[in-house]
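Visitor: Sharing a structure with you now.
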Amino acid sequence: MRVFRLLILILSLSLSLKADLNEEIESILKQSANSKSFKSYVAKKDLKKLEKKYKAKKDFSIRIYGDSHMAADFFPRVIRDYLLRSNAVGFAYALQPKYQQNLNLTYGFKNFTILNSKITDEKQHNYPLGGIIAKADKKGATINLNTKLETKEFKVGFLFKAPFSQNAFSVKDAKDKSFILRSNAKDKWSYKEITSTFPLKITALQEKAELGGYFIMDKKGKSIFLDTIAINGARSDLWKSWNLDVMKKELSILKNDLIILAYGSNDALLRDFNAVEFKKNYKELFKILRQENKNAIFMLISPPTVTQKKGQDYILSPNFHAVKKAIYELAKEEKTLLFDMHEFMQESGGKALWIEKKFSLRDVHLSIKGYELMAKKMLDELRKFFD
């Protein structure tokens, strides 16, 4: 009985703390109603088209490209949960690198190595869209993949390759159906779609067979989702280490209505940051993404306050304002939406207060609740343009 009472007390305190924190978040949002953190350089008619398609709720997708602010899925999760009624996952990595997650999926694996285009020693690999590969250490290596969505039956596309043009992977689903993924040519990326019921067990049929990602779609072709292509430590030019031909083919599989690009924090930490090169690389990425998403609206997210350690203290990165200026110029030149996370932090007390209130860590990152606050602010501002 005492244990039961203690559990009730702990639960009550937990709910009380959560309610207090949610109340604090709502209070901060109300106080920053006249924020300058959000700008639009998008034509009103295009915003209206986006709003119309969103309200139709037949098929609608958002994709976020970015760094660690997006890779843990805390910021994207809020946008996904408050804006969409997802019936699909969209693109997902074959396996998630350490400290990253996709909150729509659960992963389990044995005898696979994760290759990452961000890691200098691994850059020489043939990376597809997203820059993450799951490589089988030996024949018989397995991945168990499940979804947290209510729907369990999907059309699933697999990107894969293997040393030999033979059977590369087998897939068994929850209904005991088996599928074979066979390489079209040795050591070249192949793509195959199946309709299957989660959870899935994926087994390597060749040593060194590789998976480059999954496309998890509504089986009727009316997918509503938000997916994330992000890597811890990514800079705005990371895409240049991916196979461009394969990347373009993958971009044609799922079209996006809103594309969010959230880079800059790691660029600001470079000693020799070059604003001209930064903008050039970003513009090239815009061009590639627009080829397959001609009607998409784009949004740039400028990073939160970027600090770096100096001795025992953290100081503002010397290149932070140069990165922010370049992103503002890009938003205007590329006619995008713009959300400035640093500006919102400044309007709501600044980095020091965010740390004190446990919305931010001392380094460049925010806390889980900080990302929730930031994402809700972005949604509030986006709704104003629709309204």
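How things are named: the first chain in the structure tokens is A, the next is B, and so on; residues count from 1 in each chain; ligands count from 1 in the order shown.
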Excluding stretch 252-259 of chain A and residues on its chain fewer than 3 positions from it, collect all residues at most 7 Å away from it, counting only C-alpha atoms, and give them as a PyMOL selection string.
Guide: chain A and resi 60-64+248-249+292-293+295-299
Visitor: Please provide as a ChimeraX atom specification all residues within 7 Å of A:Ala234, with the sequence filter that same-chain residues fewer than 2 positions apart are discarded (counting only C-alpha atoms).
Guide: /A:66-67,118,231-232,236,238,266
Visitor: Between A:Asn126, A:Thr336, A:Ser37, A:Asn102, which has the minimum distance to A:Asp245 (counting only C-alpha atoms)?
Guide: A:Asn126
Visitor: Would you mind listing what lies within 6 Å of A:Phe154 as a PyMOL selection string, with only C-alpha atoms counted and same-chain residues fewer than 4 positions away left out?
Guide: chain A and resi 195-196+217-219
Visitor: Using only N, CA, C and O atoms, please write the residues we just selected to a file, as a compact mmCIF listing (two decimals), in the first residue's frame.
Guide:
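Below is the file selection.txt, written as the result:
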```
# COMPACT_ATOMS: atom_id res chain seq x y z
N THR A 195 4.54 -4.26 -50.63
CA THR A 195 3.49 -3.92 -49.67
C THR A 195 3.54 -4.94 -48.56
O THR A 195 3.38 -6.14 -48.79
N SER A 196 3.78 -4.47 -47.34
CA SER A 196 4.01 -5.39 -46.23
C SER A 196 3.47 -4.83 -44.93
O SER A 196 3.14 -3.64 -44.82
N MET A 217 5.39 4.39 -47.20
CA MET A 217 4.32 5.20 -47.79
C MET A 217 2.94 4.58 -47.56
O MET A 217 2.82 3.38 -47.36
N ASP A 218 1.92 5.41 -47.64
CA ASP A 218 0.54 4.93 -47.63
C ASP A 218 0.32 4.02 -48.83
O ASP A 218 0.67 4.37 -49.96
N LYS A 219 -0.26 2.86 -48.60
CA LYS A 219 -0.39 1.87 -49.68
C LYS A 219 -1.34 2.34 -50.79
O LYS A 219 -1.29 1.83 -51.92
```
Visitor: Out of stretch 174-216 of chain A, which residues get strand (DSSP E or B) from DSSP, as a PyMOL selection string?
Guide: chain A and resi 178-182+190-197+200-204+210-216
Visitor: Let me make sure I understand: among A:Lys135, A:Lys351, A:Lys155, A:Lys53, which one has the smallest atom-to-atom distance to A:Glu207 if we use only C-alpha atoms?
Guide: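 Checking each candidate against A:Glu207, we get A:Lys135 as the closest.
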Visitor: Here is a test: counting only C-alpha atoms, which residue of A:Gln96, A:Ser178, A:Gln206, A:Ser348 is nearest to A:Ala33?
Guide: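 Residue with the minimum atom-to-atom distance to A:Ala33: A:Ser348.
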Visitor: If we count only C-alpha atoms and set the cut-off at 12 Å, which residues sit around A:Ile229, ignoring sequence neighbours fewer than 3 positions away in its own chain? Please answer as a PyMOL selection string.
Guide: chain A and resi 62-73+76+90-94+96+100-102+128-132+213-214+226+232+234+238-239+251+259-263
Visitor: Which residues are near A:Lys148? Cut-off 10 Å, only C-alpha atoms, ignore same chain within fewer than 5 positions. Put them as a list of chain:residue names.
Guide: A:Val89, A:Leu103, A:Asn104, A:Leu105, A:Thr106, A:Phe198, A:Pro199
Visitor: Give me, as a short mmCIF file (atom, residue, chain, number, x, y, z; two decimals) with N, CA, C and O atoms, in the first residue's frame, the residues of stretch 143-246 of chain A that a backbone DSSP run labels helix (DSSP H, G or I).
Guide:
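Saved the output as part32.cif:
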```cif
data_model
loop_
_atom_site.label_atom_id
_atom_site.label_comp_id
_atom_site.auth_asym_id
_atom_site.auth_seq_id
_atom_site.Cartn_x
_atom_site.Cartn_y
_atom_site.Cartn_z
N LEU A 238 27.10 19.14 -46.69
CA LEU A 238 27.24 17.69 -46.50
C LEU A 238 26.71 16.92 -47.70
O LEU A 238 27.25 15.87 -48.08
N TRP A 239 25.66 17.43 -48.33
CA TRP A 239 25.03 16.74 -49.47
C TRP A 239 26.02 16.50 -50.60
O TRP A 239 25.83 15.60 -51.42
N LYS A 240 27.10 17.26 -50.67
CA LYS A 240 28.08 17.11 -51.75
C LYS A 240 28.86 15.79 -51.64
O LYS A 240 29.54 15.39 -52.59
N SER A 241 28.76 15.12 -50.49
CA SER A 241 29.42 13.82 -50.34
C SER A 241 28.47 12.67 -50.69
O SER A 241 28.83 11.50 -50.52
N LEU A 244 25.04 12.05 -56.38
CA LEU A 244 24.02 12.98 -56.88
C LEU A 244 23.00 12.30 -57.78
O LEU A 244 21.80 12.59 -57.71
N ASP A 245 23.44 11.38 -58.62
CA ASP A 245 22.51 10.68 -59.52
C ASP A 245 21.50 9.85 -58.73
O ASP A 245 20.30 9.85 -59.03
N VAL A 246 22.00 9.13 -57.73
CA VAL A 246 21.11 8.32 -56.89
C VAL A 246 20.19 9.22 -56.07
O VAL A 246 18.99 8.96 -55.94
#
```
Visitor: Quick one: everything within 7 Å of A:Glu372, counting only C-alpha atoms, minus sequence neighbours fewer than 3 positions away in the same chain. Send it as an MDAnalysis selection string.
Guide: chainID A and resid 74:75 78 368:369 375:376
Visitor: Could you list, as a list of chain:residue names, every residue within 9 Å of A:Phe164, counting only C-alpha atoms and ignoring same-chain residues fewer than 5 positions away?
Guide: A:Ser183, A:Asn184, A:Ala185, A:Lys186, A:Asp187, A:Gln206, A:Ala209
Visitor: Which is closest to A:Leu84 among A:Ile224, A:Ala162, A:Ala268, A:Ile202, if we use only C-alpha atoms?
Guide: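 Going through A:Ile224, A:Ala162, A:Ala268, A:Ile202 one by one, the smallest distance to A:Leu84 is for A:Ile224.
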Visitor: From the list A:Phe169, A:Phe273, A:Phe179, A:Phe278, which residue is nearest A:Lys208 when using only C-alpha atoms?
Guide: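 Ranking A:Phe169, A:Phe273, A:Phe179, A:Phe278 by distance to A:Lys208, first place goes to A:Phe169.
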Visitor: Smallest atom-to-atom distance to A:Val42: which of A:Leu300, A:Ile315, A:Ile28, A:Val364, using only C-alpha atoms?
Guide: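 Of A:Leu300, A:Ile315, A:Ile28, A:Val364, the one nearest A:Val42, counting only C-alpha atoms, is A:Leu300.
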